[in-house]
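Structure file coords.txt (compact mmCIF, C-alpha atoms and all ligand atoms) follows.
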```txt
# COMPACT_ATOMS: atom_id res chain seq x y z
CA MET A 93 -116.51 216.12 -97.21
CA THR A 94 -114.57 218.54 -95.03
CA PRO A 95 -114.51 221.98 -96.62
CA ALA A 96 -111.08 223.30 -97.43
CA PRO A 97 -109.95 225.73 -94.77
CA PHE A 98 -109.74 229.34 -95.71
CA PRO A 99 -106.18 230.13 -96.65
CA THR A 100 -104.39 231.79 -93.77
CA GLY A 101 -101.09 233.53 -93.96
CA PRO A 102 -99.44 236.61 -92.67
CA SER A 103 -101.39 238.79 -95.09
CA GLN A 104 -104.69 237.37 -93.79
CA LYS A 105 -104.04 238.08 -90.13
CA PRO A 106 -105.72 241.21 -88.84
CA SER A 107 -103.16 243.57 -87.39
CA PRO A 108 -103.69 244.12 -83.65
CA PRO A 109 -105.74 247.24 -82.91
CA ALA A 110 -103.71 250.25 -81.85
CA ALA A 111 -103.44 250.77 -78.11
CA ILE A 112 -103.77 254.49 -78.78
CA ALA A 113 -104.92 256.24 -81.96
CA VAL A 114 -105.05 260.01 -82.32
CA GLU A 115 -106.25 261.87 -85.42
CA GLY A 116 -106.37 265.59 -86.13
CA LEU A 117 -106.27 266.50 -82.43
CA ASP A 118 -106.63 270.18 -81.54
CA CYS A 119 -106.89 271.25 -77.93
CA ARG A 120 -107.87 274.67 -76.69
CA LEU A 121 -107.17 275.63 -73.08
CA GLY A 122 -108.22 278.55 -70.93
CA GLY A 123 -111.89 278.83 -71.90
CA SER A 124 -113.45 280.73 -74.75
CA LEU A 125 -112.33 284.13 -73.41
CA GLY A 126 -108.59 284.51 -73.69
CA GLY A 127 -108.14 280.81 -74.38
CA ARG A 128 -105.69 279.51 -76.91
CA THR A 129 -105.12 276.39 -78.94
CA VAL A 130 -102.13 274.53 -77.50
CA LEU A 131 -102.31 271.36 -79.62
CA HIS A 132 -102.61 271.64 -83.40
CA GLN A 133 -103.57 268.73 -85.67
CA VAL A 134 -101.69 266.08 -83.68
CA GLY A 135 -101.96 262.57 -85.09
CA PHE A 136 -100.20 259.30 -84.28
CA SER A 137 -100.90 255.69 -83.48
CA VAL A 138 -99.25 253.49 -80.85
CA PRO A 139 -99.14 249.70 -81.22
CA PRO A 140 -99.56 247.71 -78.01
CA GLY A 141 -96.51 247.01 -75.86
CA ILE A 142 -94.09 249.75 -76.90
CA LEU A 143 -92.39 252.44 -74.83
CA LEU A 144 -93.18 255.77 -76.50
CA GLY A 145 -91.33 258.90 -75.37
CA ILE A 146 -92.79 262.38 -75.84
CA LEU A 147 -90.09 265.03 -76.01
CA GLY A 148 -90.22 268.76 -76.50
CA PRO A 149 -89.40 272.05 -74.83
CA ASN A 150 -91.33 273.54 -71.92
CA GLY A 151 -94.82 274.52 -72.98
CA SER A 152 -94.79 272.44 -76.19
CA GLY A 153 -97.98 270.59 -75.19
CA LYS A 154 -96.72 267.26 -73.78
CA THR A 155 -98.78 267.35 -70.57
CA THR A 156 -101.85 268.57 -72.44
CA LEU A 157 -101.52 265.66 -74.85
CA LEU A 158 -101.28 263.15 -71.96
CA ARG A 159 -104.33 264.72 -70.30
CA CYS A 160 -106.28 264.38 -73.56
CA LEU A 161 -105.26 260.71 -73.84
CA ALA A 162 -106.36 260.14 -70.23
CA GLY A 163 -109.77 261.69 -70.95
CA LEU A 164 -109.15 264.55 -68.52
CA GLN A 165 -109.10 267.20 -71.22
CA ALA A 166 -111.64 267.40 -74.04
CA PRO A 167 -110.22 267.86 -77.54
CA SER A 168 -111.58 270.86 -79.41
CA ALA A 169 -111.24 268.92 -82.66
CA GLY A 170 -110.11 265.48 -83.73
CA ARG A 171 -110.43 262.00 -82.35
CA ILE A 172 -108.75 259.92 -79.65
CA ARG A 173 -109.22 256.18 -79.29
CA ILE A 174 -107.89 254.09 -76.40
CA GLU A 175 -108.09 250.43 -77.46
CA GLY A 176 -110.71 251.55 -79.95
CA GLU A 177 -112.82 253.55 -77.48
CA ASP A 178 -113.24 257.26 -76.82
CA PRO A 179 -111.71 257.72 -73.32
CA ARG A 180 -114.33 260.36 -72.45
CA ALA A 181 -117.16 257.99 -73.33
CA LEU A 182 -115.96 255.19 -71.03
CA ARG A 183 -117.13 254.94 -67.41
CA PRO A 184 -114.28 256.20 -65.17
CA VAL A 185 -113.84 252.77 -63.57
CA GLU A 186 -113.68 251.09 -66.98
CA LEU A 187 -111.10 253.60 -68.19
CA ALA A 188 -109.07 253.16 -64.98
CA ARG A 189 -108.85 249.42 -65.57
CA ARG A 190 -107.31 250.07 -68.98
CA LEU A 191 -105.24 253.17 -68.41
CA ALA A 192 -103.34 254.81 -65.55
CA LEU A 193 -101.92 258.33 -65.50
CA GLN A 194 -99.13 259.46 -63.21
CA ALA A 195 -99.42 263.22 -63.40
CA GLN A 196 -96.52 265.62 -62.93
CA ASP A 197 -95.92 266.14 -59.19
CA SER A 198 -99.23 264.42 -58.39
CA ALA A 199 -100.37 265.50 -54.95
CA ALA A 200 -99.95 262.46 -52.70
CA ALA A 201 -102.75 262.06 -50.15
CA LEU A 202 -101.31 263.55 -46.99
CA GLY A 203 -101.80 261.53 -43.81
CA PHE A 204 -101.63 258.22 -45.66
CA THR A 205 -98.70 255.82 -45.68
CA VAL A 206 -96.84 254.83 -48.82
CA ARG A 207 -98.62 251.44 -48.77
CA ASP A 208 -102.04 253.18 -48.43
CA VAL A 209 -101.32 255.44 -51.40
CA VAL A 210 -100.10 252.56 -53.58
CA GLY A 211 -103.21 250.62 -52.49
CA MET A 212 -105.38 253.40 -53.96
CA GLY A 213 -104.33 252.04 -57.35
CA ARG A 214 -106.52 249.01 -56.64
CA LEU A 215 -109.76 250.96 -56.14
CA ALA A 216 -110.88 250.57 -59.76
CA HIS A 217 -110.64 246.78 -59.39
CA ARG A 218 -112.83 246.47 -56.28
CA ARG A 219 -116.11 244.57 -56.77
CA SER A 220 -118.01 247.30 -54.90
CA ALA A 221 -117.34 250.68 -53.30
CA PHE A 222 -117.63 248.99 -49.89
CA ALA A 223 -115.35 246.00 -50.55
CA GLY A 224 -111.96 246.07 -48.83
CA PRO A 225 -108.74 244.86 -50.43
CA GLY A 226 -108.51 241.11 -51.03
CA PRO A 227 -105.38 238.91 -50.98
CA GLU A 228 -104.76 239.58 -54.69
CA ASP A 229 -104.94 243.35 -54.12
CA ARG A 230 -102.46 243.06 -51.25
CA ALA A 231 -100.07 240.94 -53.32
CA ILE A 232 -100.21 243.42 -56.22
CA VAL A 233 -99.51 246.35 -53.87
CA GLU A 234 -96.52 244.55 -52.32
CA ASP A 235 -95.24 243.75 -55.81
CA ALA A 236 -95.52 247.41 -56.89
CA LEU A 237 -93.75 248.54 -53.69
CA ALA A 238 -90.92 246.06 -54.32
CA ARG A 239 -90.55 247.05 -58.00
CA LEU A 240 -90.12 250.71 -57.02
CA GLU A 241 -87.76 249.83 -54.11
CA LEU A 242 -90.27 251.18 -51.59
CA THR A 243 -90.81 248.16 -49.34
CA ALA A 244 -88.66 249.59 -46.54
CA LEU A 245 -90.65 252.85 -46.70
CA ALA A 246 -94.11 251.26 -46.95
CA ASP A 247 -95.30 252.31 -43.47
CA ARG A 248 -94.02 255.87 -43.68
CA PRO A 249 -96.50 258.76 -44.11
CA VAL A 250 -96.07 260.28 -47.56
CA GLU A 251 -95.44 263.75 -46.17
CA ARG A 252 -92.21 262.40 -44.71
CA LEU A 253 -90.79 261.29 -48.07
CA SER A 254 -88.16 262.94 -50.23
CA GLY A 255 -89.19 264.24 -53.67
CA GLY A 256 -87.82 261.16 -55.45
CA GLU A 257 -89.43 258.75 -52.96
CA ARG A 258 -92.77 260.50 -53.44
CA GLN A 259 -92.38 260.30 -57.21
CA ARG A 260 -91.70 256.54 -56.97
CA THR A 261 -94.75 256.16 -54.72
CA MET A 262 -97.00 257.77 -57.33
CA ILE A 263 -95.56 255.55 -60.07
CA ALA A 264 -96.07 252.48 -57.83
CA ARG A 265 -99.70 253.53 -57.39
CA ALA A 266 -100.13 253.69 -61.18
CA LEU A 267 -98.51 250.24 -61.51
CA ALA A 268 -100.78 248.79 -58.81
CA GLN A 269 -103.69 249.82 -61.00
CA ARG A 270 -102.41 247.10 -63.42
CA PRO A 271 -103.36 249.10 -66.51
CA ARG A 272 -102.76 247.95 -70.07
CA ILE A 273 -101.67 251.50 -70.91
CA LEU A 274 -99.51 253.58 -68.59
CA LEU A 275 -99.18 257.35 -69.12
CA LEU A 276 -96.34 259.00 -67.19
CA ASP A 277 -95.65 262.73 -67.05
CA GLU A 278 -91.94 263.28 -66.45
CA PRO A 279 -91.57 260.09 -64.40
CA THR A 280 -87.81 260.56 -63.98
CA ASN A 281 -88.27 263.95 -62.25
CA HIS A 282 -86.53 264.00 -58.85
CA LEU A 283 -85.02 260.53 -59.40
CA ASP A 284 -81.30 259.89 -58.95
CA ILE A 285 -79.46 258.18 -61.79
CA HIS A 286 -79.81 254.67 -60.30
CA HIS A 287 -83.56 255.06 -59.96
CA ARG A 288 -83.83 256.61 -63.45
CA PHE A 289 -82.17 253.58 -65.00
CA ALA A 290 -84.11 251.18 -62.77
CA LEU A 291 -87.42 252.83 -63.67
CA LEU A 292 -86.82 252.77 -67.42
CA ASP A 293 -85.69 249.13 -67.22
CA LEU A 294 -88.84 248.36 -65.28
CA LEU A 295 -91.08 250.18 -67.77
CA ARG A 296 -89.56 248.33 -70.70
CA GLY A 297 -89.98 245.00 -68.95
CA LEU A 298 -93.68 245.47 -68.14
CA GLY A 299 -94.82 244.38 -71.60
CA ILE A 300 -97.64 246.98 -71.58
CA THR A 301 -97.96 250.18 -73.60
CA VAL A 302 -96.10 253.00 -71.88
CA VAL A 303 -96.19 256.65 -72.94
CA ALA A 304 -93.82 258.91 -71.01
CA THR A 305 -92.95 262.57 -71.37
CA LEU A 306 -89.23 263.03 -70.83
CA HIS A 307 -86.77 265.90 -70.74
CA ASP A 308 -83.66 263.71 -70.71
CA ILE A 309 -82.76 263.12 -74.35
CA ASP A 310 -80.11 260.49 -73.53
CA LEU A 311 -82.56 258.42 -71.52
CA ALA A 312 -85.14 258.69 -74.29
CA ALA A 313 -82.58 257.63 -76.92
CA ARG A 314 -81.56 254.64 -74.86
CA TRP A 315 -84.91 253.27 -73.73
CA CYS A 316 -87.71 254.41 -76.02
CA ASP A 317 -88.90 252.37 -78.97
CA ARG A 318 -90.30 255.49 -80.57
CA ILE A 319 -90.19 259.20 -79.92
CA LEU A 320 -92.72 261.94 -80.60
CA LEU A 321 -90.96 265.30 -80.89
CA MET A 322 -93.21 268.26 -80.16
CA LYS A 323 -92.80 271.98 -80.57
CA ASP A 324 -95.38 274.76 -80.12
CA GLY A 325 -98.20 272.23 -79.86
CA ARG A 326 -97.33 270.49 -83.12
CA LEU A 327 -95.92 267.03 -83.70
CA LEU A 328 -92.65 267.54 -85.60
CA SER A 329 -91.59 263.92 -85.79
CA ASP A 330 -92.76 260.43 -84.89
CA ALA A 331 -89.90 258.00 -85.36
CA PRO A 332 -87.47 255.59 -83.66
CA PRO A 333 -84.77 257.39 -81.63
CA ASP A 334 -82.06 257.33 -84.31
CA ALA A 335 -84.38 258.92 -86.87
CA ALA A 336 -86.02 261.33 -84.40
CA LEU A 337 -82.94 262.65 -82.63
CA THR A 338 -80.92 264.07 -85.50
CA PRO A 339 -78.74 267.18 -84.98
CA GLU A 340 -81.05 269.14 -87.33
CA ARG A 341 -84.21 268.22 -85.40
CA LEU A 342 -82.59 268.84 -82.01
CA ALA A 343 -81.42 272.26 -83.19
CA ALA A 344 -84.90 273.11 -84.51
CA VAL A 345 -86.73 271.91 -81.41
CA TYR A 346 -84.42 272.79 -78.53
CA ARG A 347 -82.12 275.43 -80.06
CA VAL A 348 -79.02 273.38 -79.17
CA ALA A 349 -76.03 272.12 -81.13
CA ALA A 350 -75.93 268.33 -81.09
CA THR A 351 -73.49 265.72 -82.25
CA VAL A 352 -74.97 262.28 -82.53
CA ASP A 353 -72.97 259.08 -82.99
CA ARG A 354 -72.92 255.50 -81.78
CA HIS A 355 -70.83 254.03 -79.01
CA PRO A 356 -68.21 251.84 -80.73
CA GLY A 357 -68.64 249.07 -78.16
CA ASN A 358 -72.37 248.72 -77.50
CA GLY A 359 -73.73 250.61 -80.54
CA ARG A 360 -75.96 252.86 -78.41
CA LEU A 361 -76.77 256.37 -79.60
CA ARG A 362 -74.54 259.01 -77.97
CA ILE A 363 -75.80 262.56 -77.99
CA ASP A 364 -73.59 265.45 -77.01
CA LEU A 365 -75.44 268.74 -76.54
CA SER A 366 -74.20 272.30 -76.21
CA PRO A 367 -75.71 275.75 -76.60
CA LEU A 368 -75.95 277.02 -80.16
CA PRO A 369 -73.14 279.48 -80.84
CA ALA A 370 -74.31 283.11 -80.61
CA THR A 371 -74.88 284.60 -84.05
N1 LIG B 401 -105.23 276.23 -68.22
C1 LIG B 401 -104.51 276.76 -69.18
N2 LIG B 401 -104.96 277.81 -69.90
C2 LIG B 401 -104.27 278.34 -70.93
N3 LIG B 401 -103.07 277.86 -71.32
C3 LIG B 401 -102.55 276.82 -70.63
C4 LIG B 401 -103.24 276.22 -69.53
N4 LIG B 401 -102.47 275.20 -69.06
C5 LIG B 401 -101.35 275.17 -69.82
N5 LIG B 401 -101.41 276.14 -70.76
C6 LIG B 401 -100.42 276.44 -71.79
O1 LIG B 401 -100.44 275.35 -72.71
C7 LIG B 401 -99.16 275.17 -73.28
C8 LIG B 401 -98.79 273.69 -73.18
O2 LIG B 401 -98.60 273.38 -71.81
P1 LIG B 401 -98.16 271.93 -71.37
O3 LIG B 401 -98.21 271.88 -69.88
O4 LIG B 401 -98.95 270.93 -72.12
O5 LIG B 401 -96.65 271.90 -71.89
P2 LIG B 401 -95.47 270.85 -71.60
O6 LIG B 401 -94.87 270.52 -72.92
O7 LIG B 401 -95.98 269.71 -70.79
O8 LIG B 401 -94.47 271.74 -70.75
P3 LIG B 401 -93.37 271.38 -69.61
O9 LIG B 401 -92.23 270.70 -70.30
O10 LIG B 401 -92.98 272.73 -69.12
O11 LIG B 401 -94.04 270.54 -68.57
C9 LIG B 401 -98.23 276.09 -72.52
O12 LIG B 401 -97.96 277.21 -73.32
C10 LIG B 401 -99.01 276.49 -71.29
O13 LIG B 401 -98.65 277.79 -70.87
```
Go through the file and emit its structure as structure tokens.
Amino acid sequence: MTPAPFPTGPSQKPSPPAAIAVEGLDCRLGGSLGGRTVLHQVGFSVPPGILLGILGPNGSGKTTLLRCLAGLQAPSAGRIRIEGEDPRALRPVELARRLALQAQDSAAALGFTVRDVVGMGRLAHRRSAFAGPGPEDRAIVEDALARLELTALADRPVERLSGGERQRTMIARALAQRPRILLLDEPTNHLDIHHRFALLDLLRGLGITVVATLHDIDLAARWCDRILLMKDGRLLSDAPPDAALTPERLAAVYRVAATVDRHPGNGRLRIDLSPLPAT
């Protein structure tokens, strides 16, 4: 007799593991002498496939948080898991196959062309340190160049690029790495409005987990699935844009007066910001 199958239903399905899980994270920078704690008890969890924005004023800890997620900075307390693993316990090549970081104003390798630099994103996927790029590597590099509208610039040395072109090159390199998690530190820096929109459209369409620090509140409201709002190294809110970007929160975090409503036609959040009146 065939045994009855175990009942299965939505309640029986295990929920997918978080792409990123952070608990009780403290981070101290600057060494033991004169150092200071710049992240305090930060905790959040990111399901796979969403676009998460990290917003907050200068110095609020956004870059430090990304560096901790990327395993570049050791937490002084708490726990970080990338697909269930401690990023600092993984071999660098194993971490690089899961996660790519585009750092703020990453130094592009001078003397190399745009195509060379984007090709560096493939290094973690090589079978050995001596293997050259294969046809798949080349196809992935050309795809990343095309997605960032860099094909026409592919043979140009990076030192002869504009700031925005260099920024797009570093993002293309991170994409060529084909990570499952992409960490981007102010990716819209230097980009004109067309390339800002194109980049955020691209990021949303990738279907991977993307975490991006952003200073543009409108862009964050329009494209992010969820927003972490940070101030003074603390996480003040972790919510979808309409719940995160309230006038009260924006006043508390950025010291600005905000009116927030929805466009009557397309329903998108509209945020109008001005300085707080002098008291
Ligand atoms: N090596 C360091 N030693 C001590 N403090 C540091 C060090 N690096 C950064 N900090 C401080 O840590 C705090 C957080 O910096 P972080 O770069 O994470 O902020 P941020 O939110 O990314 O800022 P921004 O929007 O200006 O890029 C800041 O007060 C900064 O001055």
Need the shell around A:Val206: protein/DNA/RNA residues with any atom at most 7 Å away, counting all atoms listed in the file. Skip same-chain ones fewer than 5 positions apart. Format as a short mmCIF file (atom, residue, chain, number, x, y, z; two decimals) with C-alpha atoms, in the frame of the given file?
```cif
data_model
loop_
_atom_site.label_atom_id
_atom_site.label_comp_id
_atom_site.auth_asym_id
_atom_site.auth_seq_id
_atom_site.Cartn_x
_atom_site.Cartn_y
_atom_site.Cartn_z
CA LEU A 245 -90.65 252.85 -46.70
CA ALA A 246 -94.11 251.26 -46.95
CA ASP A 247 -95.30 252.31 -43.47
CA ARG A 248 -94.02 255.87 -43.68
CA PRO A 249 -96.50 258.76 -44.11
CA VAL A 250 -96.07 260.28 -47.56
CA THR A 261 -94.75 256.16 -54.72
#
```
Exercise. When the cut-off is 8 Å and you count only C-alpha atoms and all ligand atoms, which residues lie near ligand LIG 401 (chain B), shown as number ranges by chain?
Worked result: A: 120-123, 127-131, 147-157, 196, 277-278, 305, 307, 322, 324-325
Exercise. Quick one, how far is atom CA of A:Ala238 from atom CA of A:Thr301?
Worked result: 20.9 Å
Exercise. Looking at all atoms listed in the file, which of A:Pro339, A:Gly170, A:Pro333, A:Gly163 is the one that sits closest to A:Arg183?
Worked result: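 That would be A:Gly163, the residue with the smallest distance to A:Arg183.
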For this session: Just the residues within 12 Å of A:Pro369, please, counting all atoms listed in the file, with nothing from its chain fewer than 2 positions along; format it as a PyMOL selection string.
Result: chain A and resi 343+347-350+365-367+371
For this session: Would you mind listing what lies within 8 Å of A:Ala266 as a list of chain:residue names, with only C-alpha atoms counted and same-chain residues fewer than 2 positions away left out?
Result: A:Ala192, A:Leu193, A:Gln194, A:Val210, A:Gly213, A:Met262, A:Ile263, A:Ala264, A:Ala268, A:Gln269, A:Arg270, A:Pro271, A:Leu274
Problem set entry | atom CA of A:Leu291 to atom CA of A:Thr205, distance in Å rounded to a single decimal |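 It comes out at 21.4 Å.
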Exercise. Pick from A:Cys316, A:Thr338, A:Arg272, A:Leu237: nearest to A:Ile174, with all atoms listed in the file counted?
Worked result: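 Closest to A:Ile174, using all atoms listed in the file: A:Arg272.
Of the residues under consideration (A:Arg190, A:Glu251, A:Leu275, A:Ala244), A:Leu275 shows the shortest atom-to-atom contact distance to A:Cys160 when counting all atoms listed in the file.
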Problem set entry | Between atom CA of A:Val114 and atom CA of A:Ile172 - distance in Å to one decimal | 4.6 Å
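For the set A:Met212, A:Ala181, A:Leu144, A:Ala111, the residue with the smallest atom-to-atom gap to A:Ala312 is A:Leu144, counting all atoms listed in the file.
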Exercise. Skipping near chain neighbours, those fewer than 2 positions away, what residues fall within 12 Å of A:Ala336 using only C-alpha atoms, listed as a ChimeraX atom specification?
Worked result: /A:145-148,309,312-313,316-322,327-334,338-345,352,361
Exercise. Pick the closest to A:Gln133 from A:Leu298, A:Ala169, A:Leu161, A:Leu240: which is it, counting all atoms listed in the file?
Worked result: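 The closest residue to A:Gln133 is A:Ala169.
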Problem set entry | Given all atoms listed in the file as the counted atoms, nearest of A:Leu253, A:Leu158, A:Leu306, A:Ala236 to A:Phe204 |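 Between A:Leu253, A:Leu158, A:Leu306, A:Ala236, the residue approaching A:Phe204 most closely is A:Leu253.
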For this session: Name all residues at most 9 Å from A:Pro225 (count only C-alpha atoms; drop same-chain ones fewer than 2 positions away) and give them as a ChimeraX atom specification.
Result: /A:211,214-215,218,223,227-230
Repair of stretch 305-324 of chain A at the level of N, CA and C atoms, as a short mmCIF file (atom, residue, chain, number, x, y, z; two decimals), in the coordinates of the input:
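Output contents, as saved in part00.cif:
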```cif
data_model
loop_
_atom_site.label_atom_id
_atom_site.label_comp_id
_atom_site.auth_asym_id
_atom_site.auth_seq_id
_atom_site.Cartn_x
_atom_site.Cartn_y
_atom_site.Cartn_z
N THR A 305 -93.60 261.32 -70.98
CA THR A 305 -92.95 262.57 -71.37
C THR A 305 -91.59 262.59 -70.66
N LEU A 306 -90.59 263.05 -71.37
CA LEU A 306 -89.23 263.03 -70.83
C LEU A 306 -88.51 264.31 -71.24
N HIS A 307 -87.64 264.79 -70.35
CA HIS A 307 -86.77 265.90 -70.74
C HIS A 307 -85.35 265.43 -71.01
N ASP A 308 -85.02 264.20 -70.56
CA ASP A 308 -83.66 263.71 -70.71
C ASP A 308 -83.54 262.98 -72.05
N ILE A 309 -82.83 263.64 -72.98
CA ILE A 309 -82.76 263.12 -74.35
C ILE A 309 -81.97 261.82 -74.40
N ASP A 310 -80.91 261.73 -73.56
CA ASP A 310 -80.11 260.49 -73.53
C ASP A 310 -80.94 259.30 -73.08
N LEU A 311 -81.72 259.51 -72.02
CA LEU A 311 -82.56 258.42 -71.52
C LEU A 311 -83.56 258.00 -72.59
N ALA A 312 -84.15 258.99 -73.25
CA ALA A 312 -85.14 258.69 -74.29
C ALA A 312 -84.48 257.89 -75.41
N ALA A 313 -83.27 258.31 -75.82
CA ALA A 313 -82.58 257.63 -76.92
C ALA A 313 -82.30 256.18 -76.55
N ARG A 314 -82.00 255.96 -75.28
CA ARG A 314 -81.56 254.64 -74.86
C ARG A 314 -82.72 253.67 -74.65
N TRP A 315 -83.86 254.19 -74.15
CA TRP A 315 -84.91 253.27 -73.73
C TRP A 315 -86.16 253.26 -74.60
N CYS A 316 -86.41 254.35 -75.32
CA CYS A 316 -87.71 254.41 -76.02
C CYS A 316 -87.66 253.62 -77.33
N ASP A 317 -88.78 253.00 -77.66
CA ASP A 317 -88.90 252.37 -78.97
C ASP A 317 -89.18 253.41 -80.03
N ARG A 318 -89.95 254.42 -79.63
CA ARG A 318 -90.30 255.49 -80.57
C ARG A 318 -90.38 256.79 -79.83
N ILE A 319 -90.17 257.88 -80.55
CA ILE A 319 -90.19 259.20 -79.92
C ILE A 319 -91.09 260.14 -80.72
N LEU A 320 -91.98 260.83 -79.99
CA LEU A 320 -92.72 261.94 -80.60
C LEU A 320 -91.97 263.21 -80.20
N LEU A 321 -91.61 264.02 -81.18
CA LEU A 321 -90.96 265.30 -80.89
C LEU A 321 -91.98 266.40 -81.10
N MET A 322 -92.19 267.22 -80.06
CA MET A 322 -93.21 268.26 -80.16
C MET A 322 -92.59 269.64 -80.05
N LYS A 323 -93.19 270.56 -80.73
CA LYS A 323 -92.80 271.98 -80.57
C LYS A 323 -94.03 272.84 -80.84
N ASP A 324 -94.26 273.81 -79.96
CA ASP A 324 -95.38 274.76 -80.12
C ASP A 324 -96.71 274.05 -80.41
#
```
